[in-house]
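K.L.:
Questions regarding the structure given below will be posed in turn.
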Amino acid sequence: MITIPYLTALSTYFSYGLLFAFGQFRDFFRKIFDWWHASNLQGYAPICLGLEDFYIRRLYLRIQDCFGRPISSAPDAWFDVVERYSNDNNKTLKRTDKINKCLNLGSYNYLGFAASDEYCTPRVINSLNRFSASTCSTRVDGGTTTVHKELEECVANFVGKPAAIVFGMGYVTNSAILPVLIGKGGLIISDSLNHNSIVNGARGSGATIRVFQHNTPSHLEKVLREQIAEGQPRTHRPWKKIIVVVEGIYSMEGELCKLPEIVAICKKYKAYVYLDEAHSIGAVGKSGRGVCELLGVDTADVDIMMGTFTKSFGSCGGYIAGSKELIQYLKYTCPAHLYATSISPPAAQQIISAIKVILGEDGSSRGAQKLARIRKNSNFFRSELQKMGFEVLGDNDSPVMPIMLYNPAKIPAFSRECLKQNVAVVTVAFPATPLLLARARICLSASHTKEDLLKALEVISQVGDLVGIKYFPAEPKKQQQQQQQKQGKGTIKLE
Amino acid sequence: MANLYVKAVPPADLNRNTEWFMYPGVWTTYILILFFSWLLVLSIFGCSPGMAWTIVNLSHFVVTYHFFHWKKGTPFAEDQGIYNGLTWWEQIDNGKQLTRNRKFLTVVPVVLYLIASHTTDYQHPMLFLNTLAVIVLVIAKFPNMHKVRIFGINADK
């Protein structure tokens with residue numbers, strides 16, 4: 001549920017309308033100009049159909065310097081951002097040699113494993129010397145080493161399932177598994193804000209896709225009942241299989257999934273649950289085992305648990321954890337296992353070492369400290385931002401916090417002003433988010449210290465005042481306790 | 001007025017090209033844009049109010065016909081072209097007919113026509129042009145015209 005001030009909604013529509021109108025004018029004149037100057041590409045088919053690249057050319061390229069900034073160091077809490085300049089109004093950007101040391105509020109570095117770590121990095125270098133950087137073959141040919149076997153056991157134990165299979169790329173894990181699990185005659189019900197990898201995998205599978213309103217178990221139940229009653233599209237035969245796909249933490253909202261209710265509904269209607277824990281594995285839960293531990297859901301109830309190693313473990317790749325029969329089946333059929341290069345051995349070693357640190361098996365309590373720190377950091381930062389009057393989405397304990405911007409002009413304003421003060425934030429606009437709801441997404445990390453957070457809060461507050469995104473009234477600091485007491489008394493009187 | 005907040009629930013529409021139309025505030029923005037463009041035309045051309053309404057009505061006809069009923073597909077490539085054969089009008093509300101949004105968008109040209117013809121006192125040639133505009137727009141929005149291409153105009157190759 002997002003609360004927009006009405007005037008902001010009107011002005012956002014108007015701004016997008018104006019940008020769209022300008023884009024159309026420029027396209028119109030460009031068409032006349034090009035027709036006048038005939039090109040030497042007669043007989044060649046156009047690369048893009050019609051308006052397909054309109055958004056990229058006329059809206060995205062104008063603020064291109066806010067996206068895709070090159071960095072020249074490891075993405076730790078502080079990192080080096082390369083400066084760029086443009087001579088033709090952001091159509092092309094050129095790098096300079098100057099770098100800025102900026103506070104990193106954009107990397108998915110939840111547990112601080114992105115930079116070199118005292119336990120993980122020596123072991124990774126050993127593994128690199130022993131196995132080399134790539135196995136140069138698929139898992140079935142010559143790409144399964146002892147590291148891969150150890151990794152799969154480690155992941156299965158960590159997540160709480162009997163067996164696991166690991167792939168070299170996180171996106172491919174979703175888009176290559178869904179077509180194997182379900183085909184024509186099956187039904188995929190996915191949350192309306194699921195990641196693009198799930199959408200692509202579902203489209204590639206050939207099954208019928210239905211969408212339910214984001215995180216609304218009652219609507220999921222309604223869709224399930226309707227679809228089970230109707231059956232397959234034209235023949236009305238019963239569905240071969242129904243899979244409900246949800247995510248642990250939604251990366252654009254920072255919200256946790258309502259997993260207990262959704263699992264209960266799926267059990268009632270005998271549908272399979274596919275949980276994508278890309279952002280939540282390792283980052284939430286008392287011992288870092290993800291959203292199942294946090295919300296108290298038994299892992300035996302979730303049929304397929306998927307996750308990626310890019311966020312909390314500081315590596316690359318993705319995994320699927322499930323029953324032994326499921327993983328055995330995937331090893332025979334999944335194209336990412338049969339034809340794609342296996343995960344790089346040093347990357348696999350990094351994951352194993354990171355899991356050992358999180359579980360405390362390396363002999364220190366650094367894992368527990370990191371988990372406690374990220375929880376404390378997230379709760380502190382979120383409550384401070386909300387007190388300042390920003391509209392921040394997401395639940396407590398979630399390390400992802402989007403700050404709503406809405407207006408398209410505030411996206412580059414916020415991004416550039418923050419960069420001037422050496423804070424690097426990631427701003428997200430259409431089409432990753434809905435058109436109106438542009439946001440700046442802050443991802444905290446266990447390697448941010450209290451001073452880093454206070455500096456970030458100061459800068460964001462200043463820039464927020466300048467850009468005008470404090471949509472809610474700020475709470476005054478000193479009188480806050482008195483106000484809370486008065487409000488408490490006030491509600492009792494009204495009741 | 002600044003404290004007036006609206007709640008926005010993300011609608012379950014996968015088509016990013018049309019999903020923005022289901023958020024609160026769209027209808028008001030549409031009506032306000034028409035009103036302010038009338039004021040703009042009055043101040044630029046300095047004509048009578050009726051003439052200004054006629055100009056607004058005709059430009060509204062050209063713009064909405066071009067973008068709602070002529071241009072097909074979506075302005076981005078992420079959806080891999082599944083809507084490439086459908087105009088914006090055929091895409092909204094997932095192709096369901098007679099929803100609230102569609103009824104609103106059908107009523108707006110009619111109301112504009114009534115305002116324009118009333119303020120010009122039903123004189124020719126404005127009346128003829130206004131009537132032509134409203135007939136074309138309303139017929140294009142009928143549910144029976146869903147995916148219909150008359151004489152193959154604007155059909156896929």
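Here's how to read the names in the structure tokens: chain A, B, ... by the order shown, residue numbers from 1 in each chain, ligand numbers from 1 in the order shown.
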Quick one: DSSP helix (DSSP H, G or I) residues in segment 32-188 of chain A, as a ChimeraX atom specification?
P.N.:
/A:32-36,54-66,120-131,146-159,170-181
K.L.:
For the selection you just gave me, I'd like the residues written to a file as a compact mmCIF listing (two decimals), in the first residue's frame, keeping C-alpha atoms.
P.N.:
```txt
# COMPACT_ATOMS: atom_id res chain seq x y z
CA ILE A 32 11.41 14.48 -41.49
CA PHE A 33 15.13 15.18 -41.21
CA ASP A 34 16.04 11.59 -42.03
CA TRP A 35 13.66 11.43 -44.97
CA TRP A 36 15.30 14.59 -46.32
CA PHE A 54 11.10 5.21 -27.70
CA TYR A 55 11.43 5.03 -23.94
CA ILE A 56 15.18 4.38 -24.12
CA ARG A 57 15.95 7.07 -26.66
CA ARG A 58 13.76 9.89 -25.37
CA LEU A 59 13.46 9.36 -21.63
CA TYR A 60 16.25 7.08 -20.39
CA LEU A 61 19.11 8.61 -22.36
CA ARG A 62 18.36 12.08 -21.02
CA ILE A 63 19.34 11.00 -17.51
CA GLN A 64 21.75 8.28 -18.47
CA ASP A 65 24.48 9.59 -16.19
CA CYS A 66 22.47 8.48 -13.15
CA CYS A 120 37.07 -16.24 2.84
CA THR A 121 39.69 -14.59 0.64
CA PRO A 122 42.73 -16.78 1.49
CA ARG A 123 40.64 -19.88 0.87
CA VAL A 124 39.35 -18.45 -2.42
CA ILE A 125 42.90 -17.74 -3.58
CA ASN A 126 43.90 -21.32 -2.66
CA SER A 127 41.00 -22.61 -4.65
CA LEU A 128 41.94 -20.37 -7.58
CA ASN A 129 45.48 -21.75 -7.57
CA ARG A 130 44.28 -25.31 -7.27
CA PHE A 131 41.32 -25.37 -9.70
CA THR A 146 34.97 -31.60 -5.17
CA VAL A 147 34.23 -27.95 -4.54
CA HIS A 148 30.94 -28.24 -6.43
CA LYS A 149 29.88 -31.34 -4.48
CA GLU A 150 30.81 -29.71 -1.19
CA LEU A 151 28.93 -26.56 -2.19
CA GLU A 152 25.72 -28.40 -2.98
CA GLU A 153 25.80 -30.26 0.35
CA CYS A 154 26.62 -27.04 2.19
CA VAL A 155 23.74 -25.15 0.55
CA ALA A 156 21.26 -27.97 1.19
CA ASN A 157 22.22 -28.06 4.88
CA PHE A 158 22.11 -24.28 5.21
CA VAL A 159 18.70 -23.89 3.61
CA GLY A 170 21.29 -16.35 -10.80
CA TYR A 171 19.02 -15.12 -13.61
CA VAL A 172 19.45 -18.38 -15.50
CA THR A 173 18.44 -20.36 -12.41
CA ASN A 174 14.89 -19.02 -12.71
CA SER A 175 14.58 -18.83 -16.46
CA ALA A 176 15.99 -22.32 -17.13
CA ILE A 177 14.25 -24.15 -14.26
CA LEU A 178 10.67 -23.04 -14.76
CA PRO A 179 10.39 -24.47 -18.31
CA VAL A 180 11.71 -27.79 -17.01
CA LEU A 181 9.35 -28.00 -14.06
```
K.L.:
Using only C-alpha atoms, find which residues of chain B lie within 9 Å of chain A and jot them down as a PyMOL selection string.
P.N.:
chain B and resi 1-14+16-17+19-20+23-26+28-30+33+71-78+81+84
K.L.:
My list of candidates is B:Gly152, B:Gly85, B:Pro143, B:Pro109. Which is closest to Asn130 of chain B when distances are computed with only C-alpha atoms?
P.N.:
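So, comparing all the options, the nearest one is B:Pro109.
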K.L.:
Please list as a ChimeraX atom specification every residue within 12 Å of segment 49-54 of chain B, counting only C-alpha atoms and excluding residues in the same chain fewer than 2 positions away.
P.N.:
/B:34-47,56-61,109,111-134
K.L.:
Restricting the calculation to only C-alpha atoms: of B:Leu32, B:Leu86, B:Leu105, B:Val110, which residue gets closest to His69 of chain B?
P.N.:
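Nearest candidate to His69 of chain B out of B:Leu32, B:Leu86, B:Leu105, B:Val110: B:Leu86.
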K.L.:
Report, in Å to a single decimal, how far apart atom CA of Leu294 of chain A and atom CA of Tyr272 of chain A are.
P.N.:
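Calculated distance between atom CA of Tyr272 of chain A and atom CA of Leu294 of chain A is 20.8 Å.
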K.L.:
Out of segment 178-306 of chain A, which residues get strand (DSSP E or B) from DSSP, as a list in words?
P.N.:
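Matching residues, listed in order: Leu187, Ile188, Ile189, Ser190, Asp191, Thr208, Ile209, Arg210, Val211, Phe212, Ile242, Ile243, Val244, Val245, Val246, Glu247, Ile249, Leu256, Tyr272, Val273, Tyr274, Leu275, Asp276, Ile304, Met305 and Met306 of chain A.
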K.L.:
Would you output that residue set with N, CA, C and O atoms, as a CSV table (one decimal), in the first residue's frame?
P.N.:
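For reference, again-v9.csv as written:
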```csv
chain,number,residue,atom,x,y,z
A,187,LEU,N,-0.2,-24.6,-14.8
A,187,LEU,CA,-0.6,-23.2,-14.5
A,187,LEU,C,0.4,-22.6,-13.6
A,187,LEU,O,0.8,-23.2,-12.6
A,188,ILE,N,0.9,-21.4,-13.9
A,188,ILE,CA,1.8,-20.7,-13.0
A,188,ILE,C,1.1,-19.5,-12.5
A,188,ILE,O,0.6,-18.7,-13.3
A,189,ILE,N,1.0,-19.4,-11.2
A,189,ILE,CA,0.4,-18.2,-10.6
A,189,ILE,C,1.5,-17.4,-9.9
A,189,ILE,O,2.1,-17.9,-9.0
A,190,SER,N,1.8,-16.2,-10.4
A,190,SER,CA,2.9,-15.5,-9.9
A,190,SER,C,2.5,-14.1,-9.4
A,190,SER,O,1.5,-13.6,-9.8
A,191,ASP,N,3.2,-13.7,-8.4
A,191,ASP,CA,2.9,-12.4,-7.8
A,191,ASP,C,3.1,-11.3,-8.9
A,191,ASP,O,4.0,-11.4,-9.7
A,208,THR,N,0.2,-21.8,-18.8
A,208,THR,CA,-0.6,-20.6,-18.7
A,208,THR,C,-0.2,-19.8,-17.5
A,208,THR,O,0.1,-20.4,-16.4
A,209,ILE,N,-0.2,-18.5,-17.6
A,209,ILE,CA,0.3,-17.6,-16.5
A,209,ILE,C,-0.8,-16.8,-16.0
A,209,ILE,O,-1.5,-16.2,-16.8
A,210,ARG,N,-1.0,-16.8,-14.7
A,210,ARG,CA,-2.0,-15.9,-14.1
A,210,ARG,C,-1.3,-15.1,-13.0
A,210,ARG,O,-0.4,-15.6,-12.4
A,211,VAL,N,-1.7,-13.9,-12.8
A,211,VAL,CA,-1.0,-13.0,-11.8
A,211,VAL,C,-2.0,-12.7,-10.7
A,211,VAL,O,-3.2,-12.5,-10.9
A,212,PHE,N,-1.5,-12.7,-9.5
A,212,PHE,CA,-2.3,-12.2,-8.4
A,212,PHE,C,-1.7,-10.9,-7.8
A,212,PHE,O,-0.6,-10.7,-7.9
A,242,ILE,N,0.0,-27.0,-10.7
A,242,ILE,CA,-0.2,-25.6,-10.4
A,242,ILE,C,1.0,-25.2,-9.6
A,242,ILE,O,1.3,-25.8,-8.5
A,243,ILE,N,1.8,-24.2,-10.0
A,243,ILE,CA,2.9,-23.7,-9.2
A,243,ILE,C,2.6,-22.2,-8.9
A,243,ILE,O,2.3,-21.5,-9.7
A,244,VAL,N,2.8,-21.9,-7.6
A,244,VAL,CA,2.6,-20.5,-7.2
A,244,VAL,C,4.0,-19.9,-6.9
A,244,VAL,O,4.8,-20.5,-6.1
A,245,VAL,N,4.4,-18.9,-7.6
A,245,VAL,CA,5.8,-18.3,-7.5
A,245,VAL,C,5.7,-17.0,-6.7
A,245,VAL,O,5.0,-16.1,-7.1
A,246,VAL,N,6.5,-17.0,-5.6
A,246,VAL,CA,6.6,-15.8,-4.8
A,246,VAL,C,8.0,-15.5,-4.5
A,246,VAL,O,8.9,-16.4,-4.6
A,247,GLU,N,8.3,-14.3,-4.0
A,247,GLU,CA,9.7,-14.0,-3.6
A,247,GLU,C,9.8,-13.7,-2.1
A,247,GLU,O,8.8,-13.3,-1.5
A,249,ILE,N,12.0,-11.5,-0.3
A,249,ILE,CA,12.0,-10.1,-0.2
A,249,ILE,C,11.9,-9.5,-1.6
A,249,ILE,O,12.7,-9.8,-2.4
A,256,LEU,N,8.5,-8.0,3.0
A,256,LEU,CA,8.6,-9.5,3.1
A,256,LEU,C,7.3,-10.1,2.6
A,256,LEU,O,6.3,-9.5,2.6
A,272,TYR,N,1.9,-26.2,-5.8
A,272,TYR,CA,3.2,-26.2,-5.4
A,272,TYR,C,3.7,-24.8,-5.1
A,272,TYR,O,3.3,-23.9,-5.8
A,273,VAL,N,4.6,-24.6,-4.1
A,273,VAL,CA,5.1,-23.3,-3.8
A,273,VAL,C,6.5,-23.2,-4.3
A,273,VAL,O,7.4,-24.1,-3.9
A,274,TYR,N,6.9,-22.1,-5.0
A,274,TYR,CA,8.2,-21.9,-5.5
A,274,TYR,C,8.7,-20.6,-4.8
A,274,TYR,O,8.0,-19.5,-5.1
A,275,LEU,N,9.7,-20.6,-4.0
A,275,LEU,CA,10.0,-19.4,-3.3
A,275,LEU,C,11.4,-18.9,-3.8
A,275,LEU,O,12.4,-19.7,-3.7
A,276,ASP,N,11.5,-17.7,-4.2
A,276,ASP,CA,12.7,-17.1,-4.7
A,276,ASP,C,13.3,-16.2,-3.7
A,276,ASP,O,12.8,-15.2,-3.4
A,304,ILE,N,9.9,-25.8,-3.6
A,304,ILE,CA,11.1,-25.5,-4.3
A,304,ILE,C,11.6,-24.2,-3.8
A,304,ILE,O,10.9,-23.2,-3.8
A,305,MET,N,12.8,-24.2,-3.2
A,305,MET,CA,13.4,-23.0,-2.7
A,305,MET,C,14.6,-22.6,-3.6
A,305,MET,O,15.5,-23.4,-3.8
A,306,MET,N,14.5,-21.4,-4.1
A,306,MET,CA,15.5,-20.9,-5.1
A,306,MET,C,16.2,-19.7,-4.4
A,306,MET,O,15.6,-19.0,-3.6
```
K.L.:
Tell me which protein, DNA and RNA residues are within 9 Å of Ile355 of chain A, counting only C-alpha atoms, leaving out same-chain ones fewer than 3 positions away, and put them as a PyMOL selection string.
P.N.:
chain A and resi 154-155+158+282+313+350-352+358-361+367
K.L.:
Choose the residue, out of B:Ile31, B:Val108, B:Met145, B:Ile135, that has the smallest atom-to-atom separation from Gly95 of chain B; count only C-alpha atoms.
P.N.:
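Nearest to Gly95 of chain B: B:Met145.
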K.L.:
Would you list the contacts of Leu454 of chain A as a PyMOL selection string, taking every protein, DNA or RNA residue within 12 Å and counting only C-alpha atoms, but skipping same-chain residues closer than 2 positions in sequence?
P.N.:
chain A and resi 103+377+380-381+384-385+423+448-452+456-461
K.L.:
With only C-alpha atoms as the counted atoms, please give the residues lying no more than 6 Å from segment 257-263 of chain A, apart from itself and same-chain residues fewer than 3 positions off, as a list in words.
P.N.:
Pro217, Gly248 and Cys266 of chain A
K.L.:
Ranking A:Ser365, A:Ser107, A:Ser134, A:Ser116 by minimum distance to Leu444 of chain A and counting only C-alpha atoms, which one comes first?
P.N.:
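Between A:Ser365, A:Ser107, A:Ser134, A:Ser116, the residue approaching Leu444 of chain A most closely is A:Ser107.
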